[in-house]
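Participant: Sending over a structure as structure tokens; questions will come in a sec.
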Amino acid sequence: MKKLSTGKEAALIIGISVVLGLLTNAFSAKPLPLIPSQARNVAVSDESLFGAPVRGSDTPAPPPVKRSDAVKVIAPLHDQALKNPDSTAAAAASPRKEETTKIIFLAQFRRLMKDAHPLIIDGRESDAYAKGHVKGAHNAYGLEIEHYFERLAVLPKDTLVLVYCTNPECHLGRMVTEFMTAIGFTNIYLYDDGWDGWEKAGLPADTTGVPW
Amino acid sequence: MTRIIRNPIFRFVVRWFLGLVFIVAGIEKIARPDLFAIAVDAYKLLPPVTLNLFAIIVPWVELLCGIFLVAGVYLRGGSVILMSLLGAFIVAIGSALLRGLTIDCGCFGEHYSSPVGLPKILEDTGMLVLALLVFLTRNGDAESAEGGSSGGSLHSA
């Protein structure tokens, strides 16, 4: 083999890696966007949360949605998507031009919990969830959120969903909100201060777990 | 010590060990670049716009360096890259520890997750020394102590 200088050898390895990396990503079932879309956080005002007709805030709260009561056909091709969750998961993971995450704070989170009977999702790992979580929160690990597709897809798309993770540095909550937005949910809020904020406020930790 | 370092069997074992470690690390990350991007982002050291490119390319660099080390080709270039990567990993883990971050190392993909900590720094430092040995002994080069042809001393033996 032709002898190359150290620098040329290194450059060759890096060059081949760049080509192979870009090619495999391009032909991957779930390609990563080369430049990730910038998540945009939007703080939600009390007026838009409680002044506008957030479901249940001004009217008597409907009972929490049970799976057996849920509407099964929500959109065309929905049954087909249910049969093949991977296709929808891939579609949900595909890049979109702009991600907007609606952020709420502790007081808003607690008021919505009390008034609006939301679906609360804890995006952390099951171990962290088992040690303590917000009362009534379901666990859906953000990295495996596509596994919950069948459970989520049967819910009405305007269900009020409150998501939290550990703290603002945690990606898992955003993964849940982005996935649910991608599959059509329209009423999702991220409590960004997460479990750390909840604990810091001295609020109770529940350890009973809430089955899906 | 010099005799041990120049021992072809020792050098062969070092090359294969280091090569296989990086082959495994590379394959694990290539399988799920999205998870690797998240693990890298948790360090909060790279600008967000570079994360995905890093997660797409670096695992292939690791894999190719590993393959070339095992095959005994491009050893100097490969070992220089590995030293650079390991140095960067040590700095990243050290800075995460100093900042009190309790995050996953992201070193071997999703199946072998482990938290950042001193053991990881020691592991990487050990591998850095091994990569330095590969570079210094120029194992397989025509200029090496044994004067073998390029292509790996034990392979060509």
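For the structure tokens, the naming scheme is as follows: chains receive sequential letters (A, B, ...) according to their order of presentation, residues are indexed from 1 within each chain, and ligands are indexed from 1 in presentation order.
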At a cut-off of 6 Å, which residues of chain B touch chain A? Count only C-alpha atoms and give the answer as a list of chain:residue names.
Facilitator: B:Val49, B:Asn52, B:Leu53, B:Ile56, B:Ile57, B:Trp60, B:Val61, B:Tyr74, B:Arg76, B:Gly77
Participant: Counting only C-alpha atoms, what is within 12 Å of A:Glu199, bar same-chain residues fewer than 3 positions away, as a list in words?
Facilitator: Leu106, Gly132, His133, Val134, Thr166, Asn167, Asp193, Gly194, Trp195, Asp196, Gly202, Leu203, Pro204, Ala205 and Asp206 of chain A
Participant: Given only C-alpha atoms as the basis, pick out the residue of B:Val134, B:Ala71, B:Ala42, B:Pro47 nearest to B:Ile93.
Facilitator: B:Ala42
Participant: May I have the residues within 7 Å of B:Glu62 as a list in words, using only C-alpha atoms and disregarding those fewer than 4 positions away in the same chain?
Facilitator: Phe22, Ile23, Gly26, Val58 and Gly66 of chain B
Participant: Tell me, as a ChimeraX atom specification, which residues lie within 8 Å of stretch 94-101 of chain B, counting only C-alpha atoms; anything in the same chain fewer than 6 positions away does not count.
Facilitator: /B:43,116-117,121
Participant: Which polymer residues have any atom within 12 Å of an atom of B:Ser114, counting only C-alpha atoms, with same-chain residues fewer than 3 positions away left out, as a CSV table (one decimal) with N, CA and C atoms, in the first residue's frame?
Facilitator:
chain,number,residue,atom,x,y,z
B,39,ALA,N,-26.9,12.4,23.6
B,39,ALA,CA,-25.8,12.2,24.6
B,39,ALA,C,-24.8,13.3,24.5
B,93,ILE,N,-15.6,14.8,29.5
B,93,ILE,CA,-16.1,14.2,30.7
B,93,ILE,C,-15.6,15.0,32.0
B,102,THR,N,-24.9,15.2,35.9
B,102,THR,CA,-25.0,13.7,36.0
B,102,THR,C,-25.7,13.2,34.7
B,103,ILE,N,-24.8,12.9,33.8
B,103,ILE,CA,-25.3,12.6,32.4
B,103,ILE,C,-24.7,11.2,32.0
B,104,ASP,N,-25.3,10.7,31.0
B,104,ASP,CA,-24.8,9.4,30.5
B,104,ASP,C,-23.5,9.8,29.7
B,105,CYS,N,-22.6,8.9,29.8
B,105,CYS,CA,-21.3,9.1,29.1
B,105,CYS,C,-21.5,9.2,27.5
B,106,GLY,N,-22.4,8.3,27.0
B,106,GLY,CA,-22.6,8.2,25.6
B,106,GLY,C,-21.4,7.6,24.8
B,107,CYS,N,-20.6,6.9,25.6
B,107,CYS,CA,-19.4,6.3,25.0
B,107,CYS,C,-19.6,5.1,24.1
B,108,PHE,N,-20.6,4.3,24.5
B,108,PHE,CA,-20.8,3.1,23.7
B,108,PHE,C,-22.2,2.9,23.3
B,109,GLY,N,-22.9,4.0,22.9
B,109,GLY,CA,-24.2,3.9,22.5
B,109,GLY,C,-25.2,3.5,23.5
B,110,GLU,N,-26.4,3.0,23.1
B,110,GLU,CA,-27.5,2.8,24.1
B,110,GLU,C,-27.4,1.6,24.9
B,111,HIS,N,-26.6,0.5,24.4
B,111,HIS,CA,-26.6,-0.7,25.1
B,111,HIS,C,-25.7,-0.8,26.3
B,117,GLY,N,-17.9,9.9,34.9
B,117,GLY,CA,-17.3,9.8,36.3
B,117,GLY,C,-15.8,9.6,36.1
B,118,LEU,N,-15.1,9.5,37.2
B,118,LEU,CA,-13.6,9.3,37.2
B,118,LEU,C,-13.2,8.0,36.5
B,119,PRO,N,-14.0,6.9,36.7
B,119,PRO,CA,-13.6,5.7,36.0
B,119,PRO,C,-13.6,5.9,34.4
B,120,LYS,N,-14.5,6.7,33.9
B,120,LYS,CA,-14.5,6.9,32.5
B,120,LYS,C,-13.3,7.7,32.0
Participant: Could you name the residues that touch A:Thr186 at 9 Å or less, counting only C-alpha atoms, but leaving out those on the same chain fewer than 3 positions away, as a PDB file with N, CA and C atoms, in the first residue's frame?
Facilitator:
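Heads up, here's the output in part-v5.pdb:
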ATOM      1  N   LYS A 157     -57.522  14.316  19.659  1.00  0.00           N
ATOM      2  CA  LYS A 157     -56.326  15.111  19.381  1.00  0.00           C
ATOM      3  C   LYS A 157     -56.320  16.454  20.128  1.00  0.00           C
ATOM      4  N   ASP A 158     -57.476  16.853  20.670  1.00  0.00           N
ATOM      5  CA  ASP A 158     -57.478  18.113  21.419  1.00  0.00           C
ATOM      6  C   ASP A 158     -57.354  17.881  22.921  1.00  0.00           C
ATOM      7  N   THR A 159     -57.007  16.650  23.301  1.00  0.00           N
ATOM      8  CA  THR A 159     -56.792  16.367  24.719  1.00  0.00           C
ATOM      9  C   THR A 159     -55.723  17.310  25.270  1.00  0.00           C
ATOM     10  N   LEU A 160     -56.006  17.870  26.430  1.00  0.00           N
ATOM     11  CA  LEU A 160     -55.010  18.729  27.066  1.00  0.00           C
ATOM     12  C   LEU A 160     -53.905  17.838  27.636  1.00  0.00           C
ATOM     13  N   VAL A 161     -52.689  18.052  27.164  1.00  0.00           N
ATOM     14  CA  VAL A 161     -51.561  17.205  27.577  1.00  0.00           C
ATOM     15  C   VAL A 161     -50.513  18.076  28.262  1.00  0.00           C
ATOM     16  N   MET A 180     -45.822  13.985  19.989  1.00  0.00           N
ATOM     17  CA  MET A 180     -47.282  14.110  20.054  1.00  0.00           C
ATOM     18  C   MET A 180     -47.782  15.191  19.101  1.00  0.00           C
ATOM     19  N   THR A 181     -47.012  16.248  18.949  1.00  0.00           N
ATOM     20  CA  THR A 181     -47.388  17.264  17.955  1.00  0.00           C
ATOM     21  C   THR A 181     -47.379  16.654  16.563  1.00  0.00           C
TER      22      THR A 181
END
Participant: Please identify the strand (DSSP E) residues within stretch 161-206 of chain A (assignment by DSSP from backbone atoms) and present them as a list in words.
Facilitator: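 Residues meeting the strand (DSSP E) criterion: Val161, Leu162, Val163, Tyr164, Ile188, Tyr189, Leu190 and Tyr191 of chain A.
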Participant: Considering only helix (DSSP H, G or I) as DSSP defines it on the backbone, what residues of stretch 83-118 of chain B qualify? List them as a compact mmCIF listing (two decimals) with N, CA and C atoms, in the first residue's frame.
Facilitator:
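What follows is the written file part_33.txt:
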# COMPACT_ATOMS: atom_id res chain seq x y z
N MET B 83 -6.13 9.43 19.38
CA MET B 83 -5.59 10.23 20.49
C MET B 83 -6.37 11.55 20.60
N SER B 84 -6.64 12.15 19.46
CA SER B 84 -7.39 13.42 19.49
C SER B 84 -8.79 13.21 20.06
N LEU B 85 -9.45 12.13 19.58
CA LEU B 85 -10.81 11.85 20.06
C LEU B 85 -10.80 11.58 21.56
N LEU B 86 -9.86 10.73 21.99
CA LEU B 86 -9.82 10.36 23.41
C LEU B 86 -9.49 11.58 24.27
N GLY B 87 -8.59 12.42 23.78
CA GLY B 87 -8.28 13.66 24.50
C GLY B 87 -9.53 14.53 24.64
N ALA B 88 -10.27 14.63 23.55
CA ALA B 88 -11.50 15.43 23.59
C ALA B 88 -12.52 14.81 24.55
N PHE B 89 -12.62 13.47 24.53
CA PHE B 89 -13.57 12.80 25.43
C PHE B 89 -13.19 13.06 26.89
N ILE B 90 -11.88 13.00 27.17
CA ILE B 90 -11.42 13.21 28.55
C ILE B 90 -11.77 14.63 29.01
N VAL B 91 -11.51 15.60 28.14
CA VAL B 91 -11.84 16.99 28.48
C VAL B 91 -13.35 17.15 28.69
N ALA B 92 -14.13 16.53 27.79
CA ALA B 92 -15.59 16.66 27.89
C ALA B 92 -16.11 16.05 29.19
N ILE B 93 -15.62 14.85 29.51
CA ILE B 93 -16.10 14.18 30.72
C ILE B 93 -15.64 14.96 31.96
N GLY B 94 -14.37 15.41 31.93
CA GLY B 94 -13.85 16.19 33.05
C GLY B 94 -14.66 17.47 33.26
N SER B 95 -14.99 18.12 32.16
CA SER B 95 -15.76 19.37 32.30
C SER B 95 -17.17 19.08 32.80
N ALA B 96 -17.75 17.96 32.36
CA ALA B 96 -19.09 17.59 32.85
C ALA B 96 -19.04 17.34 34.36
N LEU B 97 -17.98 16.68 34.80
CA LEU B 97 -17.84 16.40 36.23
C LEU B 97 -17.69 17.70 37.02
N LEU B 98 -16.86 18.60 36.48
CA LEU B 98 -16.64 19.88 37.17
C LEU B 98 -17.92 20.70 37.26
N LEU B 118 -15.10 9.51 37.20
CA LEU B 118 -13.64 9.32 37.17
C LEU B 118 -13.25 8.01 36.46
Participant: Here is a test: counting only C-alpha atoms, which residue of A:Thr101, A:Pro118, A:Arg110, A:Ala137 is nearest to A:Met175?
Facilitator: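 Between A:Thr101, A:Pro118, A:Arg110, A:Ala137, the residue approaching A:Met175 most closely is A:Thr101.
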